[in-house]
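What follows is the content of coords21.tsv, which has TSV, C-alpha atoms:
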chain	number	residue	atom	x	y	z
A	12	MET	CA	56.65	48.71	58.94
A	13	ASN	CA	53.19	47.47	58.06
A	14	ILE	CA	50.98	45.58	60.46
A	15	ILE	CA	47.87	44.15	58.84
A	16	ILE	CA	45.41	42.33	61.09
A	17	SER	CA	42.94	39.75	59.89
A	18	ASN	CA	39.79	39.30	61.92
A	19	SER	CA	39.01	36.02	60.24
A	20	SER	CA	42.37	34.40	60.88
A	21	GLN	CA	42.66	31.43	63.22
A	22	ASP	CA	45.61	33.16	64.85
A	23	PRO	CA	44.71	35.43	67.77
A	24	ILE	CA	45.36	39.09	66.99
A	25	TYR	CA	48.29	39.40	69.42
A	26	GLN	CA	49.95	36.48	67.66
A	27	GLN	CA	49.57	38.15	64.26
A	28	ILE	CA	51.28	41.26	65.62
A	29	VAL	CA	54.12	39.20	67.12
A	30	ILE	CA	54.75	37.41	63.82
A	31	GLN	CA	54.69	40.60	61.76
A	32	ILE	CA	57.02	42.50	64.03
A	33	LYS	CA	59.40	39.53	64.18
A	34	THR	CA	59.35	39.41	60.38
A	35	ALA	CA	60.08	43.11	60.16
A	36	ILE	CA	63.05	42.64	62.46
A	37	MET	CA	64.32	39.65	60.48
A	38	ASN	CA	63.93	41.55	57.19
A	39	GLU	CA	65.81	44.44	58.72
A	40	GLU	CA	62.89	46.79	58.20
A	41	LEU	CA	63.43	47.39	61.89
A	42	SER	CA	66.96	47.68	63.23
A	43	ARG	CA	68.49	47.34	66.63
A	44	GLY	CA	67.56	50.31	68.79
A	45	ASP	CA	64.55	51.34	66.69
A	46	ALA	CA	61.64	52.51	68.80
A	47	LEU	CA	58.35	50.68	68.48
A	48	PRO	CA	55.06	52.53	68.73
A	49	SER	CA	53.66	52.73	72.25
A	50	ILE	CA	51.16	50.02	73.18
A	51	ARG	CA	48.44	52.64	73.35
A	52	SER	CA	49.12	54.28	70.02
A	53	LEU	CA	49.41	50.88	68.35
A	54	ALA	CA	46.02	49.90	69.81
A	55	LYS	CA	44.55	53.11	68.44
A	56	GLU	CA	46.03	52.66	64.97
A	57	LEU	CA	44.94	49.01	64.69
A	58	LEU	CA	41.55	49.54	66.41
A	59	ILE	CA	42.23	46.84	69.00
A	60	SER	CA	42.55	46.84	72.76
A	61	VAL	CA	45.55	47.95	74.79
A	62	ILE	CA	45.68	44.57	76.50
A	63	THR	CA	46.18	42.92	73.12
A	64	THR	CA	49.09	45.14	72.10
A	65	LYS	CA	50.59	44.78	75.55
A	66	ARG	CA	50.42	41.00	75.26
A	67	ALA	CA	52.14	41.09	71.87
A	68	TYR	CA	54.98	43.24	73.21
A	69	GLU	CA	55.34	41.03	76.29
A	70	GLU	CA	55.76	37.99	74.07
A	71	LEU	CA	58.27	39.76	71.84
A	72	GLU	CA	60.19	40.75	74.93
A	73	ARG	CA	60.07	37.21	76.34
A	74	GLU	CA	61.56	35.95	73.11
A	75	GLY	CA	64.28	38.57	73.22
A	76	PHE	CA	63.26	40.54	70.13
A	77	ILE	CA	62.47	43.76	71.96
A	78	GLU	CA	63.29	45.48	75.22
A	79	THR	CA	60.89	47.65	77.17
A	80	VAL	CA	62.23	50.56	79.18
A	81	PRO	CA	59.67	51.62	81.82
A	82	GLY	CA	58.52	55.17	81.17
A	83	LYS	CA	60.20	55.34	77.78
A	84	GLY	CA	58.89	52.62	75.49
A	85	SER	CA	59.91	49.52	73.60
A	86	TYR	CA	62.92	49.14	71.36
A	87	VAL	CA	64.24	46.46	69.04
A	88	SER	CA	66.86	44.60	71.02
A	89	GLY	CA	70.32	43.77	69.77
A	90	GLN	CA	71.00	40.50	71.32
A	91	ASN	CA	69.01	37.47	70.47
A	92	LYS	CA	71.17	34.50	69.59
A	93	ASP	CA	68.28	32.51	68.21
A	94	LEU	CA	67.24	35.48	66.14
A	95	ILE	CA	70.69	35.91	64.66
A	96	ARG	CA	70.89	32.19	64.04
A	97	GLU	CA	67.49	32.18	62.40
A	98	LYS	CA	68.54	35.10	60.22
A	99	ARG	CA	71.73	33.38	59.16
A	100	LEU	CA	69.93	30.10	58.48
A	101	ALA	CA	67.53	32.01	56.28
A	102	THR	CA	70.45	33.47	54.35
A	103	ILE	CA	72.01	30.04	53.90
A	104	GLU	CA	68.75	28.60	52.64
A	105	LYS	CA	68.47	31.46	50.20
A	106	LYS	CA	71.98	30.94	48.87
A	107	LEU	CA	71.50	27.19	48.59
A	108	THR	CA	68.34	27.75	46.60
A	109	GLU	CA	70.34	29.86	44.17
A	110	VAL	CA	72.96	27.13	43.88
A	111	ILE	CA	70.30	24.52	43.27
A	112	THR	CA	68.70	26.61	40.54
A	113	ASP	CA	72.05	27.08	38.82
A	114	SER	CA	72.86	23.37	39.17
A	115	LYS	CA	69.60	22.36	37.58
A	116	LEU	CA	70.38	24.60	34.61
A	117	LEU	CA	73.58	22.60	34.17
A	118	ASN	CA	71.65	19.34	34.58
A	119	LEU	CA	73.53	18.44	37.71
A	120	SER	CA	71.81	15.78	39.79
A	121	LEU	CA	71.31	15.96	43.54
A	122	GLU	CA	74.08	13.37	43.88
A	123	ASP	CA	76.48	15.50	41.81
A	124	LEU	CA	75.71	18.45	44.00
A	125	GLN	CA	76.18	16.49	47.18
A	126	ASN	CA	79.58	15.29	45.95
A	127	ILE	CA	80.71	18.83	45.30
A	128	LEU	CA	79.44	19.90	48.70
A	129	ARG	CA	81.23	17.02	50.40
A	130	LEU	CA	84.51	17.90	48.70
A	131	LEU	CA	84.30	21.55	49.60
A	132	TYR	CA	83.13	20.92	53.16
A	133	THR	CA	86.14	18.79	54.00
A	134	GLU	CA	88.66	21.20	52.53
B	29	MET	CA	48.02	48.07	88.58
B	30	ASP	CA	45.28	49.10	90.96
B	31	ASN	CA	41.52	48.99	90.67
B	32	ILE	CA	39.77	52.22	89.92
B	33	LEU	CA	36.37	50.63	90.62
B	34	GLU	CA	35.52	47.74	92.91
B	35	LEU	CA	32.08	46.24	93.37
B	36	LYS	CA	31.76	43.54	96.01
B	37	ASN	CA	28.63	41.50	96.65
B	38	LEU	CA	26.51	44.43	95.58
B	39	LYS	CA	22.83	43.90	96.16
B	40	LYS	CA	19.74	45.92	95.31
B	41	SER	CA	16.21	44.59	95.37
B	42	TYR	CA	13.10	45.87	93.68
B	43	LYS	CA	9.68	44.29	93.60
B	44	ASP	CA	10.29	42.44	90.36
B	45	PHE	CA	14.02	42.48	90.07
B	46	THR	CA	17.10	41.91	92.20
B	47	LEU	CA	20.69	42.80	91.49
B	48	ASP	CA	22.26	39.88	93.26
B	49	ASN	CA	25.77	39.72	94.74
B	50	LEU	CA	27.44	41.56	91.90
B	51	THR	CA	31.22	41.51	92.13
B	52	PHE	CA	33.73	42.83	89.62
B	53	ASN	CA	36.68	45.24	89.36
B	54	LEU	CA	37.82	47.76	86.79
B	55	LYS	CA	41.59	48.16	86.50
B	56	ARG	CA	43.09	51.62	86.17
B	57	GLY	CA	43.88	52.60	82.59
B	58	SER	CA	41.60	50.02	81.02
B	59	VAL	CA	38.37	49.97	79.04
B	60	MET	CA	35.59	47.71	80.24
B	61	GLY	CA	32.53	46.87	78.19
B	62	PHE	CA	29.42	46.27	80.27
B	63	ILE	CA	26.89	44.09	78.46
B	64	GLY	CA	23.63	42.35	79.16
B	65	PRO	CA	20.10	42.21	77.84
B	66	ASN	CA	17.58	44.96	78.63
B	67	GLY	CA	16.47	44.64	82.21
B	68	SER	CA	19.57	42.69	83.27
B	69	GLY	CA	20.65	45.33	85.76
B	70	LYS	CA	23.22	47.39	83.87
B	71	SER	CA	21.57	50.74	84.48
B	72	THR	CA	20.86	49.81	88.10
B	73	THR	CA	24.53	49.01	88.57
B	74	ILE	CA	25.59	52.31	87.06
B	75	LYS	CA	23.10	54.26	89.14
B	76	LEU	CA	24.50	52.55	92.24
B	77	ILE	CA	28.05	53.50	91.26
B	78	MET	CA	26.91	57.09	90.69
B	79	ASN	CA	25.07	57.07	94.00
B	80	LEU	CA	21.77	57.95	92.38
B	81	ILE	CA	20.10	55.06	94.21
B	82	LYS	CA	20.96	53.37	97.52
B	83	LYS	CA	22.40	49.89	97.70
B	84	ASP	CA	20.83	47.31	100.00
B	85	SER	CA	24.15	45.71	100.86
B	86	GLY	CA	27.68	45.18	99.54
B	87	ALA	CA	30.55	47.53	98.84
B	88	ILE	CA	31.36	50.07	96.16
B	89	ASN	CA	34.84	51.59	96.03
B	90	VAL	CA	35.76	54.21	93.49
B	91	PHE	CA	39.36	55.49	93.32
B	92	GLY	CA	39.93	53.46	96.48
B	93	LEU	CA	37.32	55.54	98.28
B	94	GLU	CA	34.17	54.13	99.82
B	95	SER	CA	30.93	55.11	98.14
B	96	PRO	CA	28.62	56.72	99.15
B	97	LYS	CA	30.74	57.91	102.07
B	98	HIS	CA	33.09	59.92	99.84
B	99	ASP	CA	30.44	60.73	97.29
B	100	LYS	CA	31.48	64.35	96.60
B	101	GLU	CA	35.13	63.61	96.02
B	102	ILE	CA	34.27	60.63	93.86
B	103	LYS	CA	31.89	62.63	91.68
B	104	GLN	CA	34.58	65.26	91.03
B	105	ARG	CA	36.67	62.64	89.36
B	106	ILE	CA	34.02	60.88	87.31
B	107	GLY	CA	32.83	61.99	83.89
B	108	PHE	CA	29.56	60.46	82.83
B	109	VAL	CA	27.69	60.23	79.57
B	110	TYR	CA	24.14	58.97	79.47
B	111	ASP	CA	21.76	57.99	76.74
B	112	GLU	CA	19.25	60.63	77.71
B	113	ASN	CA	20.90	63.87	78.45
B	114	TYR	CA	20.11	65.92	81.48
B	115	PHE	CA	20.55	69.33	79.94
B	116	TYR	CA	18.15	72.24	79.94
B	117	GLU	CA	16.90	72.23	76.38
B	118	GLU	CA	16.18	75.96	76.25
B	119	LEU	CA	19.77	76.90	76.94
B	120	ASN	CA	22.66	76.85	74.50
B	121	ILE	CA	25.95	75.00	75.03
B	122	MET	CA	27.81	77.86	76.64
B	123	GLU	CA	24.95	78.69	79.00
B	124	MET	CA	24.67	75.04	80.02
B	125	LYS	CA	28.40	74.86	80.56
B	126	ASN	CA	28.28	77.88	82.81
B	127	ILE	CA	25.77	76.11	85.01
B	128	LEU	CA	27.83	72.96	85.28
B	129	GLN	CA	31.29	74.48	85.57
B	130	PRO	CA	31.08	75.66	89.22
B	131	PHE	CA	30.41	72.13	90.38
B	132	TYR	CA	33.85	70.96	89.35
B	133	LYS	CA	37.05	72.00	91.12
B	134	ASN	CA	39.25	70.94	88.25
B	135	TRP	CA	37.30	72.46	85.40
B	136	ASN	CA	39.54	73.37	82.49
B	137	ASP	CA	37.99	75.82	80.05
B	138	THR	CA	40.80	75.49	77.55
B	139	VAL	CA	40.16	71.76	77.27
B	140	PHE	CA	36.42	72.41	76.94
B	141	GLU	CA	36.94	74.90	74.12
B	142	LYS	CA	39.26	72.45	72.42
B	143	TYR	CA	36.61	69.73	72.41
B	144	ILE	CA	33.83	72.08	71.30
B	145	LYS	CA	35.99	73.03	68.36
B	146	GLU	CA	37.05	69.46	67.60
B	147	PHE	CA	33.47	68.19	67.79
B	148	GLU	CA	32.26	71.18	65.74
B	149	LEU	CA	29.50	72.03	68.18
B	150	PRO	CA	27.56	75.26	67.58
B	151	LYS	CA	27.82	77.48	70.63
B	152	LYS	CA	24.74	79.61	70.10
B	153	ASN	CA	22.08	77.05	69.20
B	154	LYS	CA	19.59	75.90	71.81
B	155	ILE	CA	20.28	72.41	73.02
B	156	LYS	CA	16.84	71.25	71.93
B	157	ASN	CA	17.85	72.04	68.36
B	158	LEU	CA	20.98	69.96	68.39
B	159	SER	CA	21.02	66.53	66.75
B	160	LYS	CA	21.25	63.44	68.92
B	161	GLY	CA	24.87	62.99	67.94
B	162	MET	CA	25.74	66.57	68.86
B	163	LYS	CA	24.08	66.24	72.25
B	164	MET	CA	26.14	63.13	72.89
B	165	LYS	CA	29.33	64.90	71.89
B	166	PHE	CA	28.45	67.77	74.19
B	167	SER	CA	27.97	65.31	77.07
B	168	LEU	CA	31.35	63.88	76.27
B	169	ALA	CA	32.99	67.31	76.17
B	170	ILE	CA	31.59	68.09	79.63
B	171	ALA	CA	32.74	64.69	80.89
B	172	LEU	CA	36.26	65.25	79.63
B	173	CYS	CA	37.12	68.74	80.72
B	174	HIS	CA	37.34	68.42	84.47
B	175	ASN	CA	40.20	65.92	84.58
B	176	ALA	CA	37.98	62.91	85.11
B	177	GLU	CA	39.85	59.68	85.76
B	178	LEU	CA	36.85	57.44	85.23
B	179	ILE	CA	34.48	57.89	82.33
B	180	ILE	CA	31.18	56.06	82.70
B	181	MET	CA	29.08	55.76	79.57
B	182	ASP	CA	25.57	54.32	79.72
B	183	GLU	CA	24.33	53.46	76.23
B	184	PRO	CA	25.91	56.57	74.74
B	185	THR	CA	25.47	55.48	71.15
B	186	SER	CA	21.99	54.05	71.03
B	187	GLY	CA	20.16	55.50	68.06
B	188	LEU	CA	23.33	56.84	66.51
B	189	ASP	CA	24.51	55.82	63.07
B	190	PRO	CA	27.59	53.67	62.39
B	191	VAL	CA	29.52	56.60	60.96
B	192	PHE	CA	29.02	58.55	64.17
B	193	ARG	CA	29.91	55.53	66.28
B	194	SER	CA	33.13	55.17	64.37
B	195	GLU	CA	33.93	58.81	65.16
B	196	LEU	CA	33.18	58.19	68.81
B	197	LEU	CA	35.49	55.20	68.83
B	198	ASP	CA	38.30	57.40	67.49
B	199	ILE	CA	37.59	59.88	70.25
B	200	LEU	CA	37.72	57.16	72.88
B	201	TYR	CA	41.00	55.85	71.49
B	202	ASN	CA	42.43	59.34	71.79
B	203	ILE	CA	41.23	59.58	75.37
B	204	ILE	CA	42.90	56.35	76.41
B	205	GLN	CA	46.29	57.47	75.17
B	206	ASP	CA	46.39	58.86	78.70
B	207	GLU	CA	47.00	55.76	80.80
B	208	ASN	CA	45.38	57.34	83.82
B	209	VAL	CA	41.91	57.30	82.31
B	210	SER	CA	39.61	54.32	82.68
B	211	ILE	CA	36.34	53.78	80.85
B	212	LEU	CA	33.23	51.80	81.79
B	213	PHE	CA	31.12	51.49	78.65
B	214	SER	CA	27.67	50.00	78.88
B	215	THR	CA	26.20	49.27	75.47
B	216	HIS	CA	24.19	46.91	73.27
B	217	ILE	CA	26.43	47.68	70.34
B	218	THR	CA	28.99	45.01	70.96
B	219	THR	CA	30.95	45.55	67.75
B	220	ASP	CA	32.50	48.67	69.29
B	221	LEU	CA	33.56	46.69	72.34
B	222	GLU	CA	35.10	44.00	70.18
B	223	LYS	CA	37.61	46.61	69.13
B	224	ILE	CA	38.47	48.81	72.06
B	225	ALA	CA	37.48	46.89	75.20
B	226	ASP	CA	40.15	45.31	77.37
B	227	TYR	CA	37.62	43.62	79.64
B	228	ILE	CA	34.01	42.53	79.27
B	229	THR	CA	31.57	42.21	82.15
B	230	PHE	CA	28.38	40.41	81.22
B	231	ILE	CA	25.34	40.39	83.50
B	232	ASN	CA	22.01	38.67	83.04
B	233	LYS	CA	18.93	38.80	85.28
B	234	GLY	CA	20.83	40.70	87.96
B	235	LYS	CA	23.65	38.16	88.19
B	236	LEU	CA	27.21	38.20	86.95
B	237	VAL	CA	27.80	35.82	84.02
B	238	PHE	CA	31.48	36.66	83.65
B	239	SER	CA	34.03	39.45	83.95
B	240	LYS	CA	37.11	38.62	81.88
B	241	THR	CA	39.55	39.98	79.35
B	242	LYS	CA	37.97	40.34	75.94
B	243	ASP	CA	40.80	38.37	74.33
B	244	GLU	CA	40.19	35.41	76.61
B	245	ILE	CA	36.51	35.44	75.70
B	246	ILE	CA	37.00	35.81	71.95
B	247	GLU	CA	39.73	33.16	71.91
B	248	ASN	CA	37.80	30.50	73.81
B	249	TYR	CA	34.18	30.81	72.81
B	250	ALA	CA	33.11	29.46	69.43
B	251	LEU	CA	30.08	28.61	67.36
B	252	VAL	CA	29.83	24.97	66.34
B	253	LYS	CA	27.69	24.21	63.30
B	254	GLY	CA	26.81	20.72	62.13
B	255	SER	CA	24.18	18.13	61.43
B	256	LYS	CA	21.74	17.19	64.14
B	257	ASP	CA	22.71	13.54	64.22
B	258	LEU	CA	25.92	14.63	65.91
B	259	LEU	CA	23.91	15.68	68.94
B	260	ASP	CA	23.52	13.12	71.70
B	261	ASN	CA	23.35	13.37	75.47
B	262	ASN	CA	27.12	13.62	75.69
B	263	THR	CA	27.68	16.22	73.03
B	264	ARG	CA	24.71	18.35	74.13
B	265	GLY	CA	26.38	18.79	77.49
B	266	GLU	CA	29.34	20.46	75.81
B	267	PHE	CA	27.39	23.53	74.83
B	268	VAL	CA	26.10	26.67	76.50
B	269	SER	CA	23.02	26.41	74.31
B	270	ILE	CA	21.96	24.91	71.01
B	271	LYS	CA	19.78	26.23	68.25
B	272	GLU	CA	18.29	23.50	66.11
B	273	THR	CA	16.72	24.10	62.73
B	274	SER	CA	15.36	21.84	60.02
B	275	PHE	CA	18.79	21.89	58.43
B	276	GLY	CA	21.17	21.39	61.31
B	277	PHE	CA	22.26	23.01	64.54
B	278	VAL	CA	24.30	25.95	65.74
B	279	ALA	CA	25.65	25.84	69.27
B	280	LEU	CA	27.86	27.95	71.48
B	281	THR	CA	30.82	26.39	73.25
B	282	LYS	CA	33.05	27.95	75.91
B	283	ASP	CA	35.93	25.72	74.99
B	284	ILE	CA	36.98	25.82	71.34
B	285	ILE	CA	39.93	23.48	71.85
B	286	LYS	CA	37.74	20.76	73.33
B	287	ALA	CA	35.14	21.29	70.62
B	288	ARG	CA	37.77	20.86	67.91
B	289	LYS	CA	38.81	17.55	69.46
B	290	ILE	CA	35.30	16.22	69.85
B	291	PHE	CA	33.99	17.28	66.49
B	292	LYS	CA	37.18	16.74	64.46
B	293	GLY	CA	36.24	17.86	60.97
B	294	ASN	CA	32.59	16.93	61.34
B	295	CYS	CA	31.51	20.45	62.06
B	296	ILE	CA	32.21	23.99	61.10
B	297	ILE	CA	33.77	25.81	64.03
B	298	GLU	CA	33.80	29.59	63.89
B	299	LYS	CA	34.69	32.47	66.14
B	300	ALA	CA	31.75	33.66	68.18
B	301	SER	CA	31.08	37.38	68.29
B	302	LEU	CA	30.19	39.07	71.58
B	303	GLU	CA	26.67	39.30	70.26
B	304	ASP	CA	26.56	35.55	69.64
B	305	ILE	CA	27.92	34.92	73.11
B	306	MET	CA	25.31	37.14	74.66
B	307	VAL	CA	22.38	35.71	72.70
B	308	TYR	CA	23.31	32.06	73.19
B	309	THR	CA	24.16	32.51	76.84
B	310	VAL	CA	20.87	34.23	77.61
B	311	ARG	CA	19.05	31.56	75.64
B	312	GLY	CA	20.84	28.90	77.69
B	313	ASN	CA	19.60	30.72	80.75
B	314	VAL	CA	23.01	30.79	82.42
Here is a file; write its structure as C-alpha cells.
Amino acid sequence: MNIIISNSSQDPIYQQIVIQIKTAIMNEELSRGDALPSIRSLAKELLISVITTKRAYEELEREGFIETVPGKGSYVSGQNKDLIREKRLATIEKKLTEVITDSKLLNLSLEDLQNILRLLYTE
Amino acid sequence: MDNILELKNLKKSYKDFTLDNLTFNLKRGSVMGFIGPNGSGKSTTIKLIMNLIKKDSGAINVFGLESPKHDKEIKQRIGFVYDENYFYEELNIMEMKNILQPFYKNWNDTVFEKYIKEFELPKKNKIKNLSKGMKMKFSLAIALCHNAELIIMDEPTSGLDPVFRSELLDILYNIIQDENVSILFSTHITTDLEKIADYITFINKGKLVFSKTKDEIIENYALVKGSKDLLDNNTRGEFVSIKETSFGFVALTKDIIKARKIFKGNCIIEKASLEDIMVYTVRGNV
C-alpha cells in the first residue's frame, strides 16, 4: 500500500490518508483482517504528527472500514455494507463501460442499448 | 489521557518583563511545539518548569506532582536538552557521563552506549573539540538514558544545519514510538514542528496567544492575498493583521472558511505556515 501526502493539497492531511486507505481497501490491496501500521509508526514514516494519523484511523473506524483493538492495533474490517455496495457499484459501472464501448463499435445508439437492457431486465 | 505537565496561571515578574497568567497543559504521549518571538517568555517558562527560577504565583504540576515541592522526583523523570550545553569542556564524553550518572536512579548504561554508537560520538575526544551537532546529540543521549518520561528541549537546533535537523527529527520520531514519552520542544525553527508536533503553544510578550492542536491551527489559519481596494473597514476587521505593499496586500485570517465566503474568487487564499502565523500575529500585536 502506498500513501503519498501532498502538502499543497486543499484536503487536510488526515483526509488524504483516509481516502488512500479506503481506496486500497476497495482495490483489494488490503484485505479483511490485514493489519494497518500503528498510528505512531505511520506518523514516523509520513513525517506527520501522531494526532493526525490517529484522526485518520478514527474516521476510518467510524465509517466501518477498520477496527481498532486496544493494545493490538488496527485491522481492515470485514463488514461494511456501504463499502461492499460501493465496491459492487464500481464493478457494475466498469462492466457497463465495457458494454458501451462494444456497442459503440457496432454503431448501436443509446436508445438501442436501452431497449436491449429493458428486454433483459424484465426477463 | 492524562496531562504530564500542567501550568496554571503561572506568573513571574522581572523589571522589564512579566510572564502573565500562563496556562496550558501537555498531554501524555504527545509532542508540543513551544513558539514565540525572542523575549516572549519561552525560556523563562522552561526555567520555571525545571525549577531553576522561582515562580511568583500559580501552579506547576509535572507527572501529577506539585513543583517545586516534589522537585527531586520530578527531575529524575525529565530529560532536558538546552541550546548551550552545561558540560565541562575539558572532559570527554565518558568522563562527563560518569559525573552525571550517579544523579539518576534509573540510569541505563546499555541504552547510553546504544545512543553513543547510533549517534557516532567519539568517546575519547574532549567535549570542547566536538562540533555543535555532536554536543547536541550527546545532550540528547544523556536525556534519553535514564527512562525520562518528559523530554524538554530549549532551542536544541539553533545554529544547526538542515541536514542535521532532519536527522534529529528522525531521532525524535523514534523516541515517540514509545507512547509513554512526551516532548516539549521550544524552537524558532517552525518547519520541524509542522511535521512532528501534535500541539502548538504560542506565547508573545509573556502572554498565551493560543495552545491548540497543530492540525486545527494549520486547517483554519490562512493567508489572504488581493488588491488593496478590497480592504474597507469591514474587511479589515476580518484579519489578524495586514501587510500592505504598493502592489496589494497580504493578510492573516483565523477563519479560512469565512474568508473564502467573503472574498469569493477575488483573492488568493493560501495555507499559512506556522512562521506566517507567528509573524502576522506578533505584528498584529495580539
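Put simply, CA of Phe238 in chain B is 17.0 Å away from CA of Ser58 in chain B.
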### Residue among B:Phe140, B:Phe275, B:Tyr249, B:Tyr227 lying closest to chain A, counting all atoms listed in the file
B:Tyr227
Counting all atoms listed in the file, which residues of chain A fall within 6 Å of chain B, and what is the closest atom pair for each with its distance in Å at one decimal, ordered by chain and rising number, as a Markdown table?
| residue | atom | partner | partner_atom | distance |
| --- | --- | --- | --- | --- |
| A:Arg51 | CA | B:Gln205 | CA | 5.6 |
| A:Lys55 | CA | B:Tyr201 | CA | 5.4 |
| A:Leu58 | CA | B:Lys223 | CA | 5.6 |
| A:Ile59 | CA | B:Lys223 | CA | 4.6 |
| A:Ser60 | CA | B:Ile224 | CA | 4.6 |
| A:Ile62 | CA | B:Asp226 | CA | 5.6 |
### Task
Would you mind listing what lies within 7 Å of range 66-74 of chain A as a PyMOL selection string, with all atoms listed in the file counted and same-chain residues fewer than 2 positions away left out?
chain A and resi 25-26+28-29+62-64+76-78
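Residues in contact with Asp189 in chain B at up to 12 Å, not including ones fewer than 4 positions away on its chain and judged by all atoms listed in the file, are B:Ser159, B:Lys160, B:Gly161, B:Pro184, B:Thr185, B:Arg193, B:Ser194, B:Glu195, B:Leu196, B:Ile217.
The two atoms in question, CA of Leu47 in chain B and CA of Ser210 in chain B, are spaced 23.8 Å apart.
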### Query
Can you tell me, as a VMD selection string, what residues are no more than 8 Å from Cys295 in chain B when counting all atoms listed in the file, ignoring any on the same chain fewer than 2 positions away?
chain B and resid 252 to 255 291 to 293 297
### Query
Between CA of Lys151 in chain B and CA of Trp135 in chain B, what is the distance, to one decimal in Å?
18.3 Å
